[in-house]
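Asker: Below: one structure in structure tokens.
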Amino acid sequence: MELHPDDLKRIARLARLARIAVSEGEVPVLAGQLNGIIGLIDQLQAVDTAGIEPLAHPLDVVEALAQRLREDRVTETDQRDANMASAPAQENGLFLVPKVIE
Amino acid sequence: MGYEFSSLKSLHVALDSKRVSAVELATHFLDRTERAKDLNAFLHIDRERTLAEARLADERIVRGDAGALTGIPVAHKDIFVTRGWRSTAGSKMLAEYVSPFDASVVERLRDGAGMVCLGKLNCDEFAMGSSNENSAYGPVKNPWDTQRIPGGSSGASAAAVAAGLTPAATGTDTGGSLRQPAAMCGITAIKPTYGRVSRYGMIAFASSLDQGGPMARSAEDCALLLDAMAGFDERDSTSVNTPRAREPILARFSTAFALNANAGAPLQGIRIGVPKEFFGDGISADVAERVESALREFEKLGATRVPISLPRTTLSIPAYYVIAPAEASSNLSRFDGVRYGHRAKEYRDLNDMIERSRAEGFGAEVKRRILTGAYVLSHGYYDAYYLQAQRVRRLIGQDFQEAFKVCDFIMGPVAPHTAWKIGEKDNDPVAMYLEDIFTLGVSLAGLPGMSVPCGFDGRQLPVGLQIIGNYFDEGRMLAAAHQYQQATDWHARRPEGFA
């Protein structure tokens, strides 16, 4: 498949935004699939939505439910060990990552 | 033993009268699962853990502390996190993940209802897919034809119930993931109103759409299960606590058509809206015909048919495939290889570590959706795609409310086709997305939707009837489906080789 230079730029930009490494070999197939998806979602552009408010919570169609808030207090017990049990690397209760500043 | 295709009610009677123990039942289903390994339905089985839960259930029964579901086995879609059991979301990303807590649904069904967990069920990775081929742990096979997909994303939940490996399963539905696999495997499922079932501990895909629900062999079984699963949960910020949401589902289920029960026309006065857009060109003739004969059956039961229009049915596809990927790209940003999840072995620096961990940990469809999400949310495109999709979402919701002015339920097919062959649509994401056409609108509107078996196509593959209700009308929808299932036996058919 013929790849447009803009497709390559787009994939590189999206991969960077999404923090997903995309290898050169993956680009042709991925570009074709994403172009297909973008073609599909472009159908939205033709819809007249003047004066229509965006809908985030589906039940707002019938009644605007106020976002529920809770009291600002500690509700969880300390489960540091359990919460860190799945960390790929840790030491002394801290997550380990590669050195960021030399 | 003969319990594999029993109703939950008859399992309860057998347990209650001590004809069978919870341990015996659990053992029976575990043995069946062992023999049906080829379906690839279960991702995690732990006999000892299951039997320990069953012993607790037996103690409750002996103590006289048992409810309608105590001691009955259930299996959970691996989107619900579980302490002690694996919680992978069908992803390599979470292969080694150990959840420090149980999802609310898991907790309610075990600690509240006393159900016994048989294990964790395969699914499309992070619930993204319509065929269960997107699991990092391999595709699931449809018990009606093992060359075919079971539907998705709750494909294994549907396959396991259809094959009699469990009497009940949990699933989740973001754009049809409870209804479509139920249709393709010939079982019954209901996606509740958004906010009805707690999302706490449900690994997030698209938070404004995700909703858990039951999958079982009949509407009556689903009513019992949904009643136990549903209810306000303060740990889910979008859990609904209005008077309507607090009405007990089971009571509504039992009383909805009770007055008419002896009249021979129990659904008298019920108006069924039939959207013309659900019977267009893209639908298979077999599916259209099976659904049409189900509608005639409902008429025999006393209901009347009203032609309606849901003019934005086709638009629900692009609207969904903007909103769901947008939310997915935000939700899945948590997988960075730092706090939990897969971490790449080799990397240059922190950023490279994150990018490689995500490249290795996520499968192709998940990556496509994250990239699509990044695109529609990115600078310069946000208004044109994301906000525009949310505006269309409101219009779609309003279309349904317009329709419900003239009808009680909306009915049509769940999916345009029956189960396709494994691998058939593998490399064509858009072709796969188009198959979701009849389920996406309901999800965008946050409405409850059911799938009810209504016959078979020429290849003996199940066809599902979709029943759509207005917000919080699940009890009445289940009751109407129950009336249909009293008059028909499609839901009681069993796949050869598993009967």
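For the structure tokens, the naming scheme is as follows: chains receive sequential letters (A, B, ...) according to their order of presentation, residues are indexed from 1 within each chain, and ligands are indexed from 1 in presentation order.
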Need the shell around range 81-88 of chain A: protein/DNA/RNA residues with any atom at most 7 Å away, counting only C-alpha atoms. Skip same-chain ones fewer than 6 positions apart. Format as number ranges by chain?

Answerer: A: 95; B: 97-98, 100, 337-340, 343

Asker: If we count only C-alpha atoms, what is near Asp236 in chain B at a cut-off of 9 Å, once residues fewer than 2 positions away on the same chain are taken out, given as a list in words?

Answerer: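 Listed by chain and then number, they are Gly195, Ser198, Arg199, Tyr200, Phe232, Asp233, Glu234, Thr238, Ser239 and Val240 of chain B.
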
Asker: For chain A against chain B, which residues fall within 8 Å using only C-alpha atoms, given as a PyMOL selection string?

Answerer: chain A and resi 14-15+17-22+30+33-34+36-38+40-45+47+49+52-59+61+67-69+82-89+95-100

Asker: Limited to C-alpha atoms, could you put the picked residues into a file as a short mmCIF file (atom, residue, chain, number, x, y, z; two decimals), in the first residue's frame?

Answerer:
data_model
loop_
_atom_site.label_atom_id
_atom_site.label_comp_id
_atom_site.auth_asym_id
_atom_site.auth_seq_id
_atom_site.Cartn_x
_atom_site.Cartn_y
_atom_site.Cartn_z
CA LEU A 14 -0.06 9.87 17.90
CA ALA A 15 2.44 7.25 19.06
CA LEU A 17 1.08 11.36 22.49
CA ALA A 18 -0.07 7.87 23.50
CA ARG A 19 3.38 6.80 24.73
CA ILE A 20 3.30 3.66 22.64
CA ALA A 21 6.41 2.68 20.69
CA VAL A 22 5.49 1.89 17.08
CA LEU A 30 -1.49 0.63 11.28
CA GLN A 33 -6.33 0.82 9.69
CA LEU A 34 -6.28 4.25 11.30
CA GLY A 36 -10.16 3.51 7.84
CA ILE A 37 -11.22 4.44 11.38
CA ILE A 38 -10.80 8.16 10.70
CA LEU A 40 -15.61 6.19 9.69
CA ILE A 41 -15.63 8.84 12.41
CA ASP A 42 -15.49 11.65 9.84
CA GLN A 43 -19.18 10.92 9.18
CA LEU A 44 -19.88 13.00 12.29
CA GLN A 45 -18.78 16.17 10.51
CA VAL A 47 -24.33 16.28 11.33
CA THR A 49 -25.54 19.93 15.99
CA ILE A 52 -26.94 21.01 21.09
CA GLU A 53 -25.03 20.67 24.34
CA PRO A 54 -22.43 17.89 24.51
CA LEU A 55 -23.58 14.94 26.65
CA ALA A 56 -21.07 13.42 29.05
CA HIS A 57 -23.29 11.52 31.51
CA PRO A 58 -25.93 9.50 29.62
CA LEU A 59 -28.70 9.96 32.20
CA VAL A 61 -30.78 13.11 28.66
CA GLN A 67 -22.41 15.13 40.50
CA ARG A 68 -22.31 13.39 43.85
CA LEU A 69 -19.61 14.65 46.19
CA ALA A 82 -0.79 -4.76 49.07
CA ASN A 83 -0.98 -1.81 46.70
CA MET A 84 2.69 -2.10 45.82
CA ALA A 85 2.74 -5.88 45.48
CA SER A 86 2.38 -5.71 41.69
CA ALA A 87 5.05 -3.05 41.11
CA PRO A 88 7.67 -4.22 38.58
CA ALA A 89 10.45 -2.71 40.73
CA PHE A 95 8.47 2.65 43.07
CA LEU A 96 11.74 2.38 41.17
CA VAL A 97 12.17 3.98 37.73
CA PRO A 98 15.29 4.57 35.61
CA LYS A 99 17.34 7.59 36.59
CA VAL A 100 15.69 10.76 35.23
#

Asker: Mind checking which residues fall within 12 Å of Leu25 in chain B, counting only C-alpha atoms, ignoring those fewer than 3 positions away in the same chain, and posting them as a PyMOL selection string?

Answerer: chain B and resi 1-4+6+11-12+14-15+18-22+28-32+50-51+53-55+57-58+70-74+115-118+165-167

Asker: Would you please give, as a PyMOL selection string, all residues of range 29-226 of chain B that DSSP assigns to helix (DSSP H, G or I) based on the backbone?

Answerer: chain B and resi 29-35+37-39+47-63+92-94+104-112+125-127+155-162+179-185+219-226

Asker: For the residues selected in the previous step, produce a file with C-alpha atoms as a PDB file, in the first residue's frame.

Answerer:
ATOM      1  CA  PHE B  29     -19.171 -27.733  37.224  1.00  0.00           C
ATOM      2  CA  LEU B  30     -15.380 -27.745  37.725  1.00  0.00           C
ATOM      3  CA  ASP B  31     -15.278 -31.257  36.240  1.00  0.00           C
ATOM      4  CA  ARG B  32     -17.330 -30.146  33.249  1.00  0.00           C
ATOM      5  CA  THR B  33     -15.003 -27.200  32.732  1.00  0.00           C
ATOM      6  CA  GLU B  34     -12.019 -29.537  32.846  1.00  0.00           C
ATOM      7  CA  ARG B  35     -13.518 -31.573  29.988  1.00  0.00           C
ATOM      8  CA  LYS B  37     -10.890 -26.909  28.046  1.00  0.00           C
ATOM      9  CA  ASP B  38     -10.811 -26.601  24.249  1.00  0.00           C
ATOM     10  CA  LEU B  39     -13.318 -23.740  24.409  1.00  0.00           C
ATOM     11  CA  ARG B  47     -10.286 -25.784  42.724  1.00  0.00           C
ATOM     12  CA  GLU B  48      -9.289 -25.322  46.349  1.00  0.00           C
ATOM     13  CA  ARG B  49     -10.387 -21.705  46.407  1.00  0.00           C
ATOM     14  CA  THR B  50     -13.720 -22.577  44.802  1.00  0.00           C
ATOM     15  CA  LEU B  51     -14.343 -25.446  47.195  1.00  0.00           C
ATOM     16  CA  ALA B  52     -13.480 -23.239  50.180  1.00  0.00           C
ATOM     17  CA  GLU B  53     -16.161 -20.768  49.031  1.00  0.00           C
ATOM     18  CA  ALA B  54     -18.576 -23.667  48.519  1.00  0.00           C
ATOM     19  CA  ARG B  55     -17.984 -24.934  52.070  1.00  0.00           C
ATOM     20  CA  LEU B  56     -18.804 -21.461  53.406  1.00  0.00           C
ATOM     21  CA  ALA B  57     -22.005 -21.502  51.362  1.00  0.00           C
ATOM     22  CA  ASP B  58     -22.913 -24.940  52.723  1.00  0.00           C
ATOM     23  CA  GLU B  59     -22.428 -23.623  56.255  1.00  0.00           C
ATOM     24  CA  ARG B  60     -24.769 -20.738  55.486  1.00  0.00           C
ATOM     25  CA  ILE B  61     -27.369 -23.180  54.177  1.00  0.00           C
ATOM     26  CA  VAL B  62     -27.073 -25.335  57.315  1.00  0.00           C
ATOM     27  CA  ARG B  63     -27.331 -22.223  59.521  1.00  0.00           C
ATOM     28  CA  LYS B  92      -0.554  -9.409  28.772  1.00  0.00           C
ATOM     29  CA  MET B  93      -0.204  -6.057  30.537  1.00  0.00           C
ATOM     30  CA  LEU B  94      -1.805  -7.517  33.678  1.00  0.00           C
ATOM     31  CA  SER B 104     -18.170  -4.575  44.267  1.00  0.00           C
ATOM     32  CA  VAL B 105     -20.006  -7.015  42.001  1.00  0.00           C
ATOM     33  CA  VAL B 106     -17.750  -9.882  43.100  1.00  0.00           C
ATOM     34  CA  GLU B 107     -18.190  -8.926  46.740  1.00  0.00           C
ATOM     35  CA  ARG B 108     -21.975  -8.640  46.479  1.00  0.00           C
ATOM     36  CA  LEU B 109     -22.409 -11.984  44.745  1.00  0.00           C
ATOM     37  CA  ARG B 110     -20.092 -13.831  47.148  1.00  0.00           C
ATOM     38  CA  ASP B 111     -20.497 -12.160  50.555  1.00  0.00           C
ATOM     39  CA  GLY B 112     -24.035 -10.900  50.026  1.00  0.00           C
ATOM     40  CA  GLU B 125      -8.423  -7.390  26.035  1.00  0.00           C
ATOM     41  CA  PHE B 126      -9.742  -4.597  28.284  1.00  0.00           C
ATOM     42  CA  ALA B 127     -13.203  -5.523  26.937  1.00  0.00           C
ATOM     43  CA  GLY B 155     -17.410 -13.993  24.847  1.00  0.00           C
ATOM     44  CA  ALA B 156     -16.219 -16.574  27.340  1.00  0.00           C
ATOM     45  CA  SER B 157     -18.988 -15.655  29.788  1.00  0.00           C
ATOM     46  CA  ALA B 158     -21.533 -16.425  27.065  1.00  0.00           C
ATOM     47  CA  ALA B 159     -19.736 -19.570  25.858  1.00  0.00           C
ATOM     48  CA  ALA B 160     -19.393 -20.955  29.395  1.00  0.00           C
ATOM     49  CA  VAL B 161     -23.099 -20.499  30.151  1.00  0.00           C
ATOM     50  CA  ALA B 162     -24.124 -21.922  26.750  1.00  0.00           C
ATOM     51  CA  ARG B 179     -25.847  -8.495  24.528  1.00  0.00           C
ATOM     52  CA  GLN B 180     -23.922  -9.483  21.393  1.00  0.00           C
ATOM     53  CA  PRO B 181     -22.110 -12.566  22.822  1.00  0.00           C
ATOM     54  CA  ALA B 182     -25.351 -13.618  24.525  1.00  0.00           C
ATOM     55  CA  ALA B 183     -27.054 -13.478  21.122  1.00  0.00           C
ATOM     56  CA  MET B 184     -24.283 -15.420  19.411  1.00  0.00           C
ATOM     57  CA  CYS B 185     -24.217 -18.139  22.067  1.00  0.00           C
ATOM     58  CA  ALA B 219     -34.716 -13.936  31.965  1.00  0.00           C
ATOM     59  CA  GLU B 220     -35.800 -15.277  35.341  1.00  0.00           C
ATOM     60  CA  ASP B 221     -32.209 -16.252  36.187  1.00  0.00           C
ATOM     61  CA  CYS B 222     -31.003 -12.830  35.043  1.00  0.00           C
ATOM     62  CA  ALA B 223     -33.600 -11.147  37.276  1.00  0.00           C
ATOM     63  CA  LEU B 224     -32.318 -13.025  40.326  1.00  0.00           C
ATOM     64  CA  LEU B 225     -28.709 -12.203  39.463  1.00  0.00           C
ATOM     65  CA  LEU B 226     -29.263  -8.543  38.598  1.00  0.00           C
TER      66      LEU B 226
END

Asker: Please report the interatomic distance between CA of Gly90 in chain B and CA of Leu8 in chain B in Å with one decimal.

Answerer: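 It comes out at 27.9 Å.
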
Asker: Can you work out the spacing between CA of Val291 in chain B and CA of Pro413 in chain B in Å, to one decimal?

Answerer: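 It comes out at 6.1 Å.
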
Asker: Mind pulling up the distance from CA of Pro307 in chain B to CA of Val274 in chain B?

Answerer: 5.1 Å

Asker: Applying 10 Å and only C-alpha atoms, which residues near Glu424 in chain B remain after dropping the ones on its own chain fewer than 6 positions away? List them as a list in words.

Answerer: Arg148, Ile149 and Met432 of chain B

Asker: If you run DSSP on this backbone, which residues of range 163-360 of chain B come out as strand (DSSP E), and could you give them as a list of chain:residue names?

Answerer: B:Ala168, B:Ala169, B:Thr170, B:Gly171, B:Thr172, B:Asp173, B:Thr188, B:Ala189, B:Ile190, B:Lys191, B:Gln211, B:Gly212, B:Gly213, B:Pro214, B:Met215, B:Ala216, B:Arg271, B:Ile272, B:Gly273, B:Val274, B:Pro275, B:Thr304, B:Arg305, B:Val306, B:Pro307, B:Ile308

Asker: For the residues in that selection, give me N, CA and C atoms as a PDB file, in the first residue's frame.

Answerer:
ATOM      1  N   ALA B 168     -24.288 -19.431  35.693  1.00  0.00           N
ATOM      2  CA  ALA B 168     -24.385 -17.972  35.649  1.00  0.00           C
ATOM      3  C   ALA B 168     -22.998 -17.385  35.475  1.00  0.00           C
ATOM      4  N   ALA B 169     -22.950 -16.233  34.830  1.00  0.00           N
ATOM      5  CA  ALA B 169     -21.674 -15.543  34.663  1.00  0.00           C
ATOM      6  C   ALA B 169     -21.909 -14.046  34.719  1.00  0.00           C
ATOM      7  N   THR B 170     -20.842 -13.321  35.052  1.00  0.00           N
ATOM      8  CA  THR B 170     -20.913 -11.870  34.958  1.00  0.00           C
ATOM      9  C   THR B 170     -20.263 -11.447  33.646  1.00  0.00           C
ATOM     10  N   GLY B 171     -20.675 -10.305  33.154  1.00  0.00           N
ATOM     11  CA  GLY B 171     -20.063  -9.727  31.972  1.00  0.00           C
ATOM     12  C   GLY B 171     -20.115  -8.223  32.097  1.00  0.00           C
ATOM     13  N   THR B 172     -19.537  -7.539  31.122  1.00  0.00           N
ATOM     14  CA  THR B 172     -19.641  -6.080  31.096  1.00  0.00           C
ATOM     15  C   THR B 172     -19.981  -5.667  29.674  1.00  0.00           C
ATOM     16  N   ASP B 173     -20.591  -4.500  29.561  1.00  0.00           N
ATOM     17  CA  ASP B 173     -21.088  -4.025  28.277  1.00  0.00           C
ATOM     18  C   ASP B 173     -20.721  -2.556  28.150  1.00  0.00           C
ATOM     19  N   THR B 188     -29.234 -15.664  27.636  1.00  0.00           N
ATOM     20  CA  THR B 188     -29.932 -14.433  27.990  1.00  0.00           C
ATOM     21  C   THR B 188     -29.006 -13.529  28.795  1.00  0.00           C
ATOM     22  N   ALA B 189     -29.033 -12.243  28.480  1.00  0.00           N
ATOM     23  CA  ALA B 189     -28.211 -11.296  29.239  1.00  0.00           C
ATOM     24  C   ALA B 189     -28.899  -9.949  29.276  1.00  0.00           C
ATOM     25  N   ILE B 190     -28.577  -9.161  30.289  1.00  0.00           N
ATOM     26  CA  ILE B 190     -29.113  -7.797  30.356  1.00  0.00           C
ATOM     27  C   ILE B 190     -28.021  -6.809  30.726  1.00  0.00           C
ATOM     28  N   LYS B 191     -27.935  -5.764  29.924  1.00  0.00           N
ATOM     29  CA  LYS B 191     -27.102  -4.614  30.276  1.00  0.00           C
ATOM     30  C   LYS B 191     -28.002  -3.640  31.009  1.00  0.00           C
ATOM     31  N   GLN B 211     -20.785  -0.848  31.888  1.00  0.00           N
ATOM     32  CA  GLN B 211     -21.818  -1.285  32.821  1.00  0.00           C
ATOM     33  C   GLN B 211     -21.772  -2.812  32.929  1.00  0.00           C
ATOM     34  N   GLY B 212     -21.738  -3.307  34.164  1.00  0.00           N
ATOM     35  CA  GLY B 212     -21.718  -4.760  34.379  1.00  0.00           C
ATOM     36  C   GLY B 212     -23.118  -5.321  34.376  1.00  0.00           C
ATOM     37  N   GLY B 213     -23.233  -6.617  34.120  1.00  0.00           N
ATOM     38  CA  GLY B 213     -24.548  -7.251  34.138  1.00  0.00           C
ATOM     39  C   GLY B 213     -24.430  -8.763  34.127  1.00  0.00           C
ATOM     40  N   PRO B 214     -25.581  -9.438  34.297  1.00  0.00           N
ATOM     41  CA  PRO B 214     -25.580 -10.899  34.371  1.00  0.00           C
ATOM     42  C   PRO B 214     -25.797 -11.579  33.022  1.00  0.00           C
ATOM     43  N   MET B 215     -25.274 -12.793  32.897  1.00  0.00           N
ATOM     44  CA  MET B 215     -25.502 -13.645  31.737  1.00  0.00           C
ATOM     45  C   MET B 215     -25.921 -15.009  32.259  1.00  0.00           C
ATOM     46  N   ALA B 216     -27.020 -15.537  31.749  1.00  0.00           N
ATOM     47  CA  ALA B 216     -27.537 -16.801  32.282  1.00  0.00           C
ATOM     48  C   ALA B 216     -28.419 -17.455  31.225  1.00  0.00           C
ATOM     49  N   ARG B 271     -46.906  -1.858  24.393  1.00  0.00           N
ATOM     50  CA  ARG B 271     -46.631  -1.417  23.017  1.00  0.00           C
ATOM     51  C   ARG B 271     -45.148  -1.628  22.704  1.00  0.00           C
ATOM     52  N   ILE B 272     -44.910  -2.345  21.635  1.00  0.00           N
ATOM     53  CA  ILE B 272     -43.531  -2.630  21.225  1.00  0.00           C
ATOM     54  C   ILE B 272     -43.159  -1.756  20.042  1.00  0.00           C
ATOM     55  N   GLY B 273     -42.171  -0.898  20.240  1.00  0.00           N
ATOM     56  CA  GLY B 273     -41.683  -0.055  19.149  1.00  0.00           C
ATOM     57  C   GLY B 273     -40.695  -0.839  18.297  1.00  0.00           C
ATOM     58  N   VAL B 274     -40.940  -0.835  16.995  1.00  0.00           N
ATOM     59  CA  VAL B 274     -40.048  -1.556  16.089  1.00  0.00           C
ATOM     60  C   VAL B 274     -39.382  -0.535  15.160  1.00  0.00           C
ATOM     61  N   PRO B 275     -38.099  -0.261  15.396  1.00  0.00           N
ATOM     62  CA  PRO B 275     -37.421   0.764  14.593  1.00  0.00           C
ATOM     63  C   PRO B 275     -37.121   0.267  13.183  1.00  0.00           C
ATOM     64  N   THR B 304     -48.881  -5.035  21.382  1.00  0.00           N
ATOM     65  CA  THR B 304     -49.125  -4.485  20.048  1.00  0.00           C
ATOM     66  C   THR B 304     -47.839  -3.880  19.513  1.00  0.00           C
ATOM     67  N   ARG B 305     -47.784  -3.774  18.194  1.00  0.00           N
ATOM     68  CA  ARG B 305     -46.578  -3.319  17.526  1.00  0.00           C
ATOM     69  C   ARG B 305     -46.756  -1.890  17.036  1.00  0.00           C
ATOM     70  N   VAL B 306     -45.755  -1.051  17.269  1.00  0.00           N
ATOM     71  CA  VAL B 306     -45.805   0.348  16.826  1.00  0.00           C
ATOM     72  C   VAL B 306     -44.567   0.614  15.977  1.00  0.00           C
ATOM     73  N   PRO B 307     -44.749   1.073  14.733  1.00  0.00           N
ATOM     74  CA  PRO B 307     -43.552   1.414  13.953  1.00  0.00           C
ATOM     75  C   PRO B 307     -42.914   2.690  14.503  1.00  0.00           C
ATOM     76  N   ILE B 308     -41.619   2.656  14.717  1.00  0.00           N
ATOM     77  CA  ILE B 308     -40.915   3.856  15.200  1.00  0.00           C
ATOM     78  C   ILE B 308     -39.670   4.077  14.344  1.00  0.00           C
TER      79      ILE B 308
END

Asker: Restricting the calculation to only C-alpha atoms: of B:Gly455, B:Gly363, B:Pro462, B:Gly264, which residue gets closest to Gly138 in chain B?

Answerer: B:Gly363
